[in-house]
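Source file: entry31.txt; contents: compact mmCIF, C-alpha atoms and all ligand atoms.
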# COMPACT_ATOMS: atom_id res chain seq x y z
CA MET A 229 -9.57 -108.86 13.01
CA MET A 230 -6.16 -107.34 13.92
CA VAL A 231 -6.03 -105.64 10.59
CA VAL A 232 -9.30 -104.10 11.19
CA VAL A 233 -8.12 -102.71 14.53
CA VAL A 234 -4.94 -101.31 12.99
CA VAL A 235 -6.83 -99.77 10.18
CA PHE A 236 -9.25 -98.36 12.65
CA SER A 237 -6.52 -96.89 14.83
CA ASP A 238 -4.70 -95.45 11.78
CA PHE A 239 -7.88 -93.85 10.74
CA ALA A 240 -8.37 -92.40 14.16
CA GLU A 241 -4.82 -91.07 14.11
CA GLU A 242 -5.42 -89.37 10.75
CA GLU A 243 -8.69 -87.97 11.90
CA LYS A 244 -7.06 -86.55 14.99
CA MET A 245 -4.46 -84.76 12.90
CA GLU A 246 -7.12 -83.49 10.57
CA LEU A 247 -9.05 -82.22 13.56
CA GLU A 248 -5.90 -80.60 14.89
CA ARG A 249 -5.39 -78.87 11.52
CA LEU A 250 -8.92 -77.73 11.43
CA LYS A 251 -8.63 -76.37 14.93
CA MET A 252 -5.54 -74.39 14.01
CA HIS A 253 -7.16 -73.19 10.87
CA LYS A 254 -10.13 -72.09 12.88
CA GLU A 255 -7.90 -70.21 15.27
CA THR A 256 -6.09 -68.43 12.49
CA LEU A 257 -9.41 -67.58 10.95
CA LEU A 258 -10.67 -66.25 14.25
CA GLU A 259 -7.53 -64.23 14.63
CA ASP A 260 -7.98 -62.87 11.13
CA ILE A 261 -11.57 -62.08 11.86
CA GLU A 262 -10.53 -60.30 15.03
CA LYS A 263 -7.98 -58.29 13.10
CA LEU A 264 -10.53 -57.43 10.44
CA LYS A 265 -13.01 -56.43 13.10
CA ASN A 266 -10.46 -54.12 14.63
CA GLN A 267 -9.64 -52.69 11.26
CA ILE A 268 -13.30 -52.15 10.52
CA GLU A 269 -13.77 -50.47 13.85
CA ASN A 270 -10.84 -48.19 13.15
CA VAL A 271 -12.20 -47.35 9.74
CA MET A 272 -15.64 -46.74 11.21
CA ALA A 273 -14.16 -44.46 13.82
CA ASP A 274 -12.30 -42.60 11.09
CA ILE A 275 -15.46 -42.26 9.05
CA GLN A 276 -17.36 -41.08 12.10
CA GLY A 277 -14.68 -38.55 12.90
CA PHE A 278 -14.60 -37.37 9.35
CA LYS A 279 -18.38 -37.04 9.29
CA SER A 280 -18.56 -35.00 12.44
CA ALA A 281 -15.69 -32.83 11.23
CA GLU A 282 -17.73 -32.33 8.08
CA ASP A 283 -20.84 -31.61 10.17
CA ASN A 284 -18.83 -29.20 12.26
CA LYS A 285 -17.55 -27.52 9.15
CA ILE A 286 -21.08 -27.12 7.85
CA GLN A 287 -22.29 -25.83 11.20
CA GLU A 288 -19.35 -23.48 11.40
CA ARG A 289 -20.14 -22.23 7.92
CA GLU A 290 -23.78 -21.68 8.77
CA LYS A 291 -22.80 -19.80 11.89
CA ARG A 292 -20.48 -17.53 9.97
CA PHE A 293 -23.07 -17.03 7.26
CA SER A 294 -25.69 -15.92 9.73
CA SER A 295 -23.24 -13.67 11.51
CA GLY A 296 -22.39 -12.18 8.09
CA LYS A 297 -26.06 -11.44 7.56
CA LYS A 298 -26.27 -9.75 10.94
CA LYS A 299 -23.25 -7.64 10.10
CA PHE A 300 -24.87 -6.79 6.77
CA ASN A 301 -27.99 -5.49 8.48
CA MET A 302 -25.94 -3.20 10.67
CA ASP A 303 -23.45 -2.13 8.02
CA PRO A 304 -24.04 -3.60 4.57
CA LYS A 305 -20.54 -2.89 3.23
CA LYS A 306 -18.86 -4.58 6.19
CA GLY A 307 -21.26 -7.51 6.05
CA VAL A 308 -20.57 -8.23 2.40
CA LYS A 309 -16.83 -7.85 2.97
CA TYR A 310 -17.01 -10.39 5.79
CA LEU A 311 -18.99 -12.88 3.70
CA VAL A 312 -16.58 -12.54 0.80
CA GLU A 313 -13.50 -12.91 3.01
CA ASN A 314 -14.96 -16.04 4.56
CA GLU A 315 -15.63 -17.47 1.12
CA LEU A 316 -19.35 -17.51 1.73
CA LEU A 317 -20.08 -15.15 -1.13
CA ASP A 318 -18.45 -14.73 -4.49
CA TRP A 319 -17.38 -11.14 -5.15
CA LYS A 320 -19.09 -10.98 -8.53
CA ALA A 321 -22.14 -8.98 -9.52
CA GLU A 322 -24.52 -11.91 -10.12
CA PRO A 323 -24.01 -13.90 -6.92
CA VAL A 324 -24.06 -10.77 -4.77
CA ALA A 325 -27.23 -9.58 -6.50
CA GLU A 326 -28.80 -12.97 -5.97
CA PHE A 327 -27.85 -12.88 -2.29
CA LEU A 328 -29.53 -9.48 -1.93
CA TYR A 329 -32.59 -10.54 -3.87
CA LYS A 330 -33.22 -14.00 -2.44
CA GLU A 331 -31.62 -14.29 0.97
CA GLU A 332 -34.14 -14.12 3.77
CA GLY A 333 -33.70 -11.97 6.84
CA LEU A 334 -31.84 -9.11 5.22
CA ASN A 335 -32.88 -5.61 6.23
CA LYS A 336 -34.32 -3.89 3.17
CA THR A 337 -32.99 -0.52 4.23
CA ALA A 338 -29.52 -2.07 4.26
CA ILE A 339 -30.09 -3.59 0.81
CA GLY A 340 -31.09 -0.18 -0.52
CA GLU A 341 -28.06 1.42 1.03
CA PHE A 342 -25.74 -1.13 -0.55
CA LEU A 343 -27.36 -0.92 -3.99
CA GLY A 344 -27.15 2.87 -3.90
CA GLU A 345 -23.36 3.06 -3.54
CA ARG A 346 -21.64 4.79 -6.39
CA GLU A 347 -18.68 2.41 -6.72
CA GLU A 348 -18.35 0.60 -10.00
CA MET A 349 -18.97 -2.83 -8.52
CA ASN A 350 -22.12 -1.63 -6.79
CA LEU A 351 -23.41 -0.26 -10.07
CA LEU A 352 -22.90 -3.67 -11.66
CA ILE A 353 -24.61 -5.32 -8.71
CA LEU A 354 -27.52 -2.89 -9.00
CA LYS A 355 -27.95 -3.82 -12.65
CA ALA A 356 -27.76 -7.56 -11.89
CA PHE A 357 -30.24 -7.07 -9.04
CA VAL A 358 -32.74 -5.26 -11.23
CA ASP A 359 -32.29 -7.91 -13.92
CA LEU A 360 -33.41 -10.58 -11.45
CA HIS A 361 -36.86 -9.00 -11.50
CA GLU A 362 -39.21 -10.48 -14.06
CA PHE A 363 -41.59 -7.82 -15.34
CA SER A 364 -43.02 -9.54 -18.41
CA HIS A 365 -46.84 -9.62 -18.14
CA LEU A 366 -46.83 -6.84 -15.53
CA ASN A 367 -48.15 -3.35 -16.06
CA LEU A 368 -46.00 -0.50 -14.83
CA VAL A 369 -47.74 -0.22 -11.47
CA GLN A 370 -47.44 -3.95 -10.78
CA ALA A 371 -43.77 -3.86 -11.75
CA LEU A 372 -43.14 -0.87 -9.51
CA ARG A 373 -44.90 -2.59 -6.63
CA GLN A 374 -42.61 -5.55 -7.01
CA PHE A 375 -39.48 -3.47 -7.46
CA LEU A 376 -40.10 -1.06 -4.58
CA TRP A 377 -40.84 -3.99 -2.29
CA SER A 378 -37.49 -5.69 -2.88
CA PHE A 379 -35.50 -3.04 -0.99
CA ARG A 380 -36.05 0.36 0.53
CA LEU A 381 -35.08 3.26 -1.70
CA PRO A 382 -32.35 5.28 -0.02
CA GLY A 383 -32.79 8.98 0.68
CA GLU A 384 -30.50 10.69 -1.74
CA ALA A 385 -31.72 11.99 -5.06
CA GLN A 386 -28.79 10.75 -7.15
CA LYS A 387 -29.16 7.25 -5.76
CA ILE A 388 -32.87 7.16 -6.42
CA ASP A 389 -32.21 8.50 -9.89
CA ARG A 390 -29.79 5.64 -10.67
CA MET A 391 -32.16 3.04 -9.29
CA MET A 392 -35.18 4.31 -11.13
CA GLU A 393 -33.14 4.55 -14.32
CA ALA A 394 -32.12 0.90 -13.88
CA PHE A 395 -35.74 -0.01 -13.23
CA ALA A 396 -36.99 1.82 -16.33
CA THR A 397 -34.35 0.17 -18.50
CA ARG A 398 -35.26 -3.29 -17.21
CA TYR A 399 -38.98 -2.67 -17.63
CA CYS A 400 -38.55 -1.53 -21.22
CA ASN A 401 -36.44 -4.63 -21.91
CA CYS A 402 -39.08 -6.93 -20.44
CA ILE A 403 -41.95 -5.19 -22.20
CA PRO A 404 -40.67 -3.65 -25.40
CA GLY A 405 -42.94 -1.49 -27.49
CA VAL A 406 -45.04 0.18 -24.78
CA PHE A 407 -42.73 3.15 -24.26
CA GLN A 408 -40.69 4.84 -26.95
CA SER A 409 -37.89 5.56 -24.53
CA THR A 410 -36.71 4.58 -21.06
CA ASP A 411 -37.12 8.25 -20.15
CA THR A 412 -40.85 7.88 -20.76
CA CYS A 413 -40.97 4.96 -18.37
CA TYR A 414 -38.85 6.84 -15.83
CA ILE A 415 -41.06 9.95 -15.91
CA LEU A 416 -44.24 7.94 -15.66
CA SER A 417 -42.84 5.92 -12.74
CA PHE A 418 -42.25 9.12 -10.78
CA ALA A 419 -45.68 10.40 -11.70
CA ILE A 420 -47.14 7.18 -10.30
CA ILE A 421 -45.20 7.41 -7.04
CA MET A 422 -46.35 11.00 -6.62
CA LEU A 423 -49.90 9.96 -7.44
CA ASN A 424 -49.72 7.41 -4.63
CA THR A 425 -48.83 10.14 -2.18
CA SER A 426 -51.45 12.48 -3.52
CA LEU A 427 -54.22 9.88 -3.24
CA HIS A 428 -53.22 8.15 -0.01
CA ASN A 429 -51.38 10.60 2.18
CA PRO A 430 -54.01 12.21 4.42
CA ASN A 431 -51.92 15.39 4.58
CA VAL A 432 -52.39 16.01 0.89
CA LYS A 433 -55.73 17.72 0.52
CA ASP A 434 -55.69 18.38 -3.19
CA LYS A 435 -56.19 14.91 -4.66
CA THR A 436 -55.03 14.39 -8.22
CA THR A 437 -57.94 13.48 -10.49
CA LEU A 438 -57.71 11.05 -13.39
CA GLU A 439 -58.07 13.94 -15.86
CA ARG A 440 -55.18 15.78 -14.27
CA PHE A 441 -53.04 12.67 -14.19
CA ILE A 442 -53.64 12.17 -17.91
CA SER A 443 -52.91 15.77 -18.77
CA MET A 444 -49.78 15.82 -16.61
CA ASN A 445 -48.38 13.02 -18.72
CA ARG A 446 -49.15 14.49 -22.14
CA GLY A 447 -46.42 14.17 -24.73
CA ILE A 448 -44.05 12.10 -22.65
CA ASN A 449 -43.87 9.28 -25.19
CA ASN A 450 -41.32 10.99 -27.45
CA GLY A 451 -43.73 13.82 -28.18
CA SER A 452 -46.85 11.72 -28.45
CA ASP A 453 -49.39 10.78 -25.80
CA LEU A 454 -49.61 7.44 -24.07
CA PRO A 455 -52.95 5.70 -24.60
CA ASP A 456 -55.66 6.98 -22.22
CA ASP A 457 -56.69 3.48 -21.21
CA LEU A 458 -53.13 2.63 -20.16
CA LEU A 459 -52.99 5.70 -17.92
CA THR A 460 -56.50 5.04 -16.62
CA ASN A 461 -55.54 1.49 -15.65
CA LEU A 462 -52.47 2.67 -13.79
CA TYR A 463 -54.44 5.40 -12.05
CA ASN A 464 -57.14 2.98 -10.88
CA SER A 465 -54.60 0.47 -9.69
CA ILE A 466 -53.01 3.06 -7.40
CA ARG A 467 -56.34 4.44 -6.27
CA ASN A 468 -57.53 0.96 -5.26
CA GLU A 469 -54.36 -0.07 -3.52
CA PRO A 470 -51.57 2.17 -2.22
CA PHE A 471 -47.95 1.30 -2.86
CA LYS A 472 -46.36 -0.53 0.01
CA ILE A 473 -42.73 0.06 0.82
CA PRO A 474 -40.66 -1.99 3.26
CA GLU A 475 -39.75 -0.48 6.62
CA ASP A 476 -42.51 2.05 6.16
CA ASP A 477 -42.06 4.30 9.16
CA GLY A 478 -44.97 6.55 8.37
CA ASN A 479 -42.76 8.66 6.18
CA ASP A 480 -43.67 7.74 2.65
CA LEU A 481 -41.27 7.99 -0.22
CA THR A 482 -42.10 11.60 -0.82
CA HIS A 483 -40.63 12.33 2.53
CA THR A 484 -37.62 10.22 1.68
CA PHE A 485 -37.31 12.14 -1.57
CA PHE A 486 -37.51 15.50 0.04
CA ASN A 487 -35.41 14.76 3.03
CA PRO A 488 -31.98 16.17 2.34
CA ASP A 489 -30.81 16.18 5.94
CA ARG A 490 -27.17 15.44 6.47
CA GLU A 491 -24.46 15.94 9.06
CA GLY A 492 -20.70 15.62 9.27
CA TRP A 493 -17.33 17.24 9.86
CA LEU A 494 -16.25 19.93 7.40
CA LEU A 495 -13.73 22.75 7.40
CA LYS A 496 -15.09 26.27 7.36
CA LEU A 497 -13.12 29.27 6.19
CA GLY A 498 -13.33 32.22 8.60
CA GLY A 499 -15.11 35.42 7.52
CA ARG A 500 -12.55 37.99 8.56
CA VAL A 501 -9.64 35.87 9.65
CA LYS A 502 -9.02 33.49 6.79
CA THR A 503 -8.29 30.35 8.70
CA TRP A 504 -9.88 26.92 8.38
CA LYS A 505 -11.81 25.67 11.38
CA ARG A 506 -13.09 22.20 11.79
CA ARG A 507 -16.82 22.28 12.48
CA TRP A 508 -19.62 19.75 12.84
CA PHE A 509 -22.27 20.70 10.28
CA ILE A 510 -25.92 19.76 10.39
CA LEU A 511 -28.25 20.44 7.50
CA THR A 512 -31.89 20.43 8.45
CA ASP A 513 -35.04 22.51 7.99
CA ASN A 514 -33.45 24.48 5.18
CA CYS A 515 -30.72 25.75 7.52
CA LEU A 516 -27.10 24.88 7.92
CA TYR A 517 -25.94 24.74 11.55
CA TYR A 518 -22.36 24.37 12.64
CA PHE A 519 -21.01 23.29 16.00
CA GLU A 520 -17.63 23.16 17.59
CA TYR A 521 -18.22 19.67 18.97
CA THR A 522 -20.77 17.05 18.04
CA THR A 523 -22.05 17.13 21.61
CA ASP A 524 -22.62 20.89 21.78
CA LYS A 525 -26.20 21.92 22.43
CA GLU A 526 -25.85 25.38 20.94
CA PRO A 527 -24.52 25.88 17.43
CA ARG A 528 -21.64 28.28 16.82
CA GLY A 529 -23.47 29.50 13.76
CA ILE A 530 -26.68 29.26 11.75
CA ILE A 531 -26.92 29.89 8.03
CA PRO A 532 -30.47 30.03 6.63
CA LEU A 533 -30.29 28.74 3.09
CA GLU A 534 -33.13 30.80 1.64
CA ASN A 535 -32.07 32.80 -1.40
CA LEU A 536 -28.64 31.21 -1.42
CA CYS A 537 -26.96 29.16 -4.11
CA VAL A 538 -24.29 26.54 -3.76
CA ARG A 539 -21.43 25.68 -6.10
CA GLU A 540 -18.15 23.83 -6.27
CA VAL A 541 -14.93 25.78 -5.69
CA SER A 542 -11.40 24.66 -5.10
CA PHE A 543 -8.24 26.00 -3.53
CA PRO A 544 -4.71 24.84 -4.22
CA ARG A 545 -4.48 22.81 -1.05
CA LYS A 546 -8.20 22.38 -0.46
CA PRO A 547 -9.56 20.86 -3.65
CA TYR A 548 -13.01 19.75 -2.42
CA CYS A 549 -14.76 22.93 -1.38
CA LEU A 550 -18.17 24.34 -1.86
CA GLU A 551 -19.35 27.90 -1.69
CA LEU A 552 -22.64 29.32 -0.48
CA TYR A 553 -23.42 32.68 -2.03
CA ASN A 554 -26.29 34.99 -2.72
CA PRO A 555 -26.64 35.35 -6.50
CA ASN A 556 -28.89 38.40 -6.25
CA SER A 557 -26.80 40.62 -4.04
CA ARG A 558 -23.15 39.94 -4.51
CA GLY A 559 -20.83 41.75 -2.18
CA GLN A 560 -23.44 41.98 0.54
CA ARG A 561 -23.42 40.07 3.75
CA ILE A 562 -25.33 36.86 3.90
CA LYS A 563 -28.03 36.88 6.59
CA ALA A 564 -26.72 34.52 9.21
CA CYS A 565 -25.74 34.53 12.82
CA LYS A 566 -22.97 33.22 14.99
CA THR A 567 -22.18 32.99 18.66
CA GLU A 568 -19.07 34.81 19.85
CA THR A 569 -16.78 33.14 22.36
CA ASP A 570 -18.29 35.33 25.10
CA GLY A 571 -21.78 33.99 24.28
CA ARG A 572 -23.13 37.01 22.39
CA VAL A 573 -25.10 36.19 19.27
CA VAL A 574 -24.04 38.47 16.43
CA GLU A 575 -24.80 38.77 12.76
CA GLY A 576 -22.53 36.83 10.45
CA LYS A 577 -19.87 38.69 8.53
CA HIS A 578 -19.65 36.54 5.44
CA GLN A 579 -20.32 37.63 1.89
CA SER A 580 -20.03 34.00 1.02
CA TYR A 581 -19.29 30.85 2.95
CA THR A 582 -16.52 28.53 1.90
CA ILE A 583 -16.68 25.04 3.29
CA CYS A 584 -14.33 22.23 2.59
CA ALA A 585 -14.91 18.47 2.50
CA ALA A 586 -12.34 15.70 2.70
CA ALA A 587 -13.20 14.06 -0.61
CA ALA A 588 -14.93 14.79 -3.89
CA GLU A 589 -17.83 12.47 -3.20
CA GLU A 590 -18.43 13.99 0.19
CA ARG A 591 -18.43 17.47 -1.32
CA ASP A 592 -20.85 16.37 -4.05
CA ASP A 593 -23.17 14.81 -1.51
CA TRP A 594 -23.21 18.01 0.52
CA ILE A 595 -23.81 20.15 -2.55
CA GLU A 596 -26.61 17.89 -3.60
CA SER A 597 -28.25 17.90 -0.19
CA ILE A 598 -27.94 21.66 0.16
CA ARG A 599 -29.34 22.13 -3.30
CA ALA A 600 -32.20 19.78 -2.49
CA SER A 601 -32.85 21.68 0.69
CA ILE A 602 -32.88 25.00 -1.18
CA THR A 603 -35.04 23.92 -4.09
CA LYS A 604 -37.14 21.60 -1.91
CA ASP A 605 -37.67 19.34 -4.85
CA PRO A 606 -34.61 17.64 -6.30
CA PHE A 607 -36.79 15.39 -8.38
CA TYR A 608 -38.31 18.29 -10.12
CA ASP A 609 -34.99 18.84 -11.88
CA LEU A 610 -34.30 15.18 -12.54
CA VAL A 611 -37.70 14.58 -14.05
CA SER A 612 -38.04 17.88 -15.86
CA ILE A 613 -34.76 17.44 -17.75
CA ARG A 614 -36.01 14.14 -19.11
CA LYS A 615 -39.41 15.56 -19.84
CA LYS A 616 -37.93 18.29 -22.00
CA LYS A 617 -35.92 15.68 -23.83
CA VAL A 618 -38.85 13.44 -24.74
CA ILE A 619 -41.62 15.99 -25.20
CA ASN A 620 -39.72 17.84 -27.87
CA LYS A 621 -39.39 14.71 -29.98
CA THR A 622 -41.50 14.71 -33.10
CA PRO A 623 -43.97 11.84 -32.90
CA GLU A 624 -43.17 8.85 -35.11
C1 LIG B 701 -33.66 -2.00 9.28
O1 LIG B 701 -32.71 -0.98 9.41
C2 LIG B 701 -33.27 0.31 9.65
C3 LIG B 701 -32.15 1.34 9.61
O2 LIG B 701 -31.03 0.88 10.24
C4 LIG B 701 -34.01 0.30 10.97
O3 LIG B 701 -34.59 1.56 11.22
C5 LIG B 701 -35.10 -0.77 10.90
O4 LIG B 701 -35.76 -0.85 12.12
C6 LIG B 701 -34.50 -2.11 10.53
N1 LIG B 701 -35.60 -3.05 10.31
C7 LIG B 701 -35.68 -4.21 10.90
C8 LIG B 701 -36.87 -5.05 10.55
O5 LIG B 701 -34.84 -4.61 11.69
C1 LIG B 702 -37.24 8.47 -28.16
O1 LIG B 702 -36.33 9.44 -27.70
C2 LIG B 702 -35.14 8.91 -27.14
C3 LIG B 702 -34.26 10.05 -26.66
O2 LIG B 702 -35.00 10.91 -25.88
C4 LIG B 702 -34.39 8.11 -28.18
O3 LIG B 702 -33.23 7.54 -27.59
C5 LIG B 702 -35.28 7.00 -28.70
O4 LIG B 702 -34.63 6.31 -29.73
C6 LIG B 702 -36.59 7.58 -29.22
N1 LIG B 702 -37.43 6.49 -29.56
C7 LIG B 702 -37.94 6.32 -30.77
C8 LIG B 702 -38.74 5.07 -30.98
O5 LIG B 702 -37.78 7.12 -31.66
C1 LIG B 703 -47.88 5.42 -0.78
O1 LIG B 703 -48.61 6.16 0.14
C2 LIG B 703 -48.71 5.59 1.44
C3 LIG B 703 -49.58 6.51 2.25
O2 LIG B 703 -49.04 7.82 2.28
C4 LIG B 703 -47.33 5.44 2.05
O3 LIG B 703 -47.41 4.78 3.28
C5 LIG B 703 -46.43 4.67 1.10
O4 LIG B 703 -45.11 4.64 1.61
C6 LIG B 703 -46.44 5.31 -0.26
N1 LIG B 703 -45.64 4.54 -1.18
C7 LIG B 703 -44.67 5.08 -1.90
C8 LIG B 703 -43.94 4.15 -2.81
O5 LIG B 703 -44.38 6.25 -1.84

Can you present the structure in this file as structure tokens?
Amino acid sequence: MMVVVVVFSDFAEEEKMELERLKMHKETLLEDIEKLKNQIENVMADIQGFKSAEDNKIQEREKRFSSGKKKFNMDPKKGVKYLVENELLDWKAEPVAEFLYKEEGLNKTAIGEFLGEREEMNLLILKAFVDLHEFSHLNLVQALRQFLWSFRLPGEAQKIDRMMEAFATRYCNCIPGVFQSTDTCYILSFAIIMLNTSLHNPNVKDKTTLERFISMNRGINNGSDLPDDLLTNLYNSIRNEPFKIPEDDGNDLTHTFFNPDREGWLLKLGGRVKTWKRRWFILTDNCLYYFEYTTDKEPRGIIPLENLCVREVSFPRKPYCLELYNPNSRGQRIKACKTETDGRVVEGKHQSYTICAAAAEERDDWIESIRASITKDPFYDLVSIRKKKVINKTPE
């Protein structure tokens, strides 16, 4: 009996110790769990912080991207510069072209302005941009509709020339075999744009007929004629549906084409006293006006451009000049007028006008605009040079 009691009490003693151990073990475990919980919480907080920093970064990026787009719409060059500097756009032709072609919310006038720049990179971007257009399976009118909708053609003849050249090259690559030369495609594209104006502009009374359209385009395929049914299809397509251009402000492209207006600071050489004066020049309505200040209401002088010619000249210290002269009566005064300091309007005293720009490109742009204003039709020259080239080819 005693034994049993002892054994029982020993057992109880052992059990107690075991219980004690278990208790301690439990406490350590609980402590460990607590520590782990804390650690997990810390890690979670870190993750959370990291995530929101990431979210912030993304939001920040989106904000800068949209502000870059806004800048682009106001000043395309500045906008692109901003996007590139903020690493939101890669300064390579393809990604920039893709941005211009696909990004929503860009002003198409701004796109046209950017694509028209003469810098080497812009030329590469223009090519990449045109190459993003897929013209396979499209006739020339459909392709032009697509192309002319992707941006607004800028106003200057040389820019339009480059863009239409790029278009014609791309079209001939997409659809080989229709035209013998890109010039053919270029000439026909202009003919189509002019046809659009003729048929749809209410101010044009003399509507081009199909027969005239066909005869206008005789021989442009390296000396041979394009198939009548091809021309008929294009004609009908335009007749049934006018060309749409973005930002159409009522002035169709023909107006854009024939709108050589320009203004800016230039230096003008005096007629009698040979000094250079800085003047604000405005070219409009086939006249060149110059002002002392941009805010002046009355010009200091007016030079009607009728019968005048313009050419490049240069002086030792003024390399970027242009000269207005009358080719038919050299040595005679050019008909023009100027306001004397006392307010009297007198006849000009120039046999020729020498005007100086700050840079070669600026001079060229002025010469081009003045020439366009004088001839009224800068595209006549551009197209007619190509026409001569392809019409005099002997047919294959
Ligand atoms: C795009 O820019 C042109 C020229 O700055 C402006 O006349 C035109 O209203 C703008 N278009 C839109 C949709 O903002
Ligand atoms: C057509 O003429 C252009 C030059 O005007 C030339 O480059 C082209 O090779 C000619 N095409 C063919 C098929 O002869
Ligand atoms: C086509 O003509 C219409 C009507 O004159 C004009 O609104 C549109 O801008 C023209 N399209 C082109 C590409 O000239």

10 Å contact set for A:Cys413, all atoms listed in the file, chain neighbours under 2 positions out, as a PyMOL selection string: chain A and resi 368+392-393+395-397+399-400+406-411+415-419+448-449

Export C-alpha atoms of the chosen residues as a PDB file, keeping the file's coordinate frame?
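Everything below was put into again_14.pdb:
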ATOM      1  CA  LEU A 368     -46.000  -0.500 -14.830  1.00  0.00           C
ATOM      2  CA  MET A 392     -35.180   4.310 -11.130  1.00  0.00           C
ATOM      3  CA  GLU A 393     -33.140   4.550 -14.320  1.00  0.00           C
ATOM      4  CA  PHE A 395     -35.740  -0.010 -13.230  1.00  0.00           C
ATOM      5  CA  ALA A 396     -36.990   1.820 -16.330  1.00  0.00           C
ATOM      6  CA  THR A 397     -34.350   0.170 -18.500  1.00  0.00           C
ATOM      7  CA  TYR A 399     -38.980  -2.670 -17.630  1.00  0.00           C
ATOM      8  CA  CYS A 400     -38.550  -1.530 -21.220  1.00  0.00           C
ATOM      9  CA  VAL A 406     -45.040   0.180 -24.780  1.00  0.00           C
ATOM     10  CA  PHE A 407     -42.730   3.150 -24.260  1.00  0.00           C
ATOM     11  CA  GLN A 408     -40.690   4.840 -26.950  1.00  0.00           C
ATOM     12  CA  SER A 409     -37.890   5.560 -24.530  1.00  0.00           C
ATOM     13  CA  THR A 410     -36.710   4.580 -21.060  1.00  0.00           C
ATOM     14  CA  ASP A 411     -37.120   8.250 -20.150  1.00  0.00           C
ATOM     15  CA  ILE A 415     -41.060   9.950 -15.910  1.00  0.00           C
ATOM     16  CA  LEU A 416     -44.240   7.940 -15.660  1.00  0.00           C
ATOM     17  CA  SER A 417     -42.840   5.920 -12.740  1.00  0.00           C
ATOM     18  CA  PHE A 418     -42.250   9.120 -10.780  1.00  0.00           C
ATOM     19  CA  ALA A 419     -45.680  10.400 -11.700  1.00  0.00           C
ATOM     20  CA  ILE A 448     -44.050  12.100 -22.650  1.00  0.00           C
ATOM     21  CA  ASN A 449     -43.870   9.280 -25.190  1.00  0.00           C
TER      22      ASN A 449
END

Shell of 8 Å around ligand LIG 701 (chain B) (all atoms listed in the file), written as an NGL selection string: :A and (301-302 or 335-338 or 475)

d(atom CA of A:Pro474, atom CA of A:Met422) in Å: 17.3 Å

Need the axis-aligned box for ligand LIG 703 (chain B) with 5 Å each side, so what are the centre and edges in Å to one decimal, as JSON?
{"center_x": -46.8, "center_y": 6.0, "center_z": 0.2, "size_x": 15.6, "size_y": 13.7, "size_z": 16.1}

Atom CA of A:Ala385 to atom CA of A:Lys435, straight-line distance in Å: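 The value is 24.6 Å.
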
Shell of 9 Å around ligand LIG 702 (chain B) (only C-alpha atoms and all ligand atoms), written as a ChimeraX atom specification: /A:405,407-412,449-451,614-624

Atom CA of A:Pro555 to atom CA of A:Glu534, distance in Å rounded to a single decimal: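 Between these atoms lies a distance of 11.4 Å.
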
From A:Ser426, A:Thr567, A:Ser542, A:Thr460, residue lying nearest ligand LIG 703 (chain B) [all atoms listed in the file]: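 Answer, going by the shortest atom-to-atom distance: A:Ser426.
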
Residue contacts of A:Gly307 (12 Å, all atoms listed in the file) excluding same-chain residues fewer than 2 positions away, as a PyMOL selection string: chain A and resi 292-305+309-314+316-317+324+327-328+334-335+338-339+342

Surrounding residues of stretch 502-514 of chain A excluding itself and chain neighbours under 3 positions, 10 Å, all atoms listed in the file, as an MDAnalysis selection string: chainID A and resid 487:499 517:524 527:534 582:584 594 597:604

Shell around A:Tyr329 at 10 Å using only C-alpha atoms, local window under 2 positions removed, as a list in words: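 My list of contacting residues is Pro323, Val324, Ala325, Glu326, Phe327, Glu331, Glu332, Leu334, Lys336, Ile339, Ala356, Phe357, Val358, Leu360, His361, Ser378 and Phe379 of chain A.
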
Which residue of A:Cys537, A:Leu458, A:Ile421, A:Ile595 approaches ligand LIG 703 (chain B) most closely, using only C-alpha atoms and all ligand atoms: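 Looking only at the distances to ligand LIG 703 (chain B), the closest residue turns out to be A:Ile421.
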
Among listed residues A:Leu423, A:Val541, A:Leu264, A:Ile442, nearest ligand LIG 703 (chain B) (using all atoms listed in the file):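 Answer, going by the shortest atom-to-atom distance: A:Leu423.
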
Residue with smallest distance to ligand LIG 703 (chain B) - pool A:Pro470, A:Gly333, A:Gly344, A:Pro547, counting all atoms listed in the file: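 For ligand LIG 703 (chain B), the nearest of the candidates is A:Pro470.
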
Pick from A:Thr256, A:Ser280, A:Asn266, A:Gln374, whichever lies nearest to ligand LIG 703 (chain B) using all atoms listed in the file: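 With all atoms listed in the file as the atom set, the closest residue is A:Gln374.
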
Spatial sel., origin (-48.6, -5.1, -16.2), limit 12 Å, all atoms listed in the file, listed as a PyMOL selection string: chain A and resi 362-374+399-400+402-403+406+458-459+461-462+465
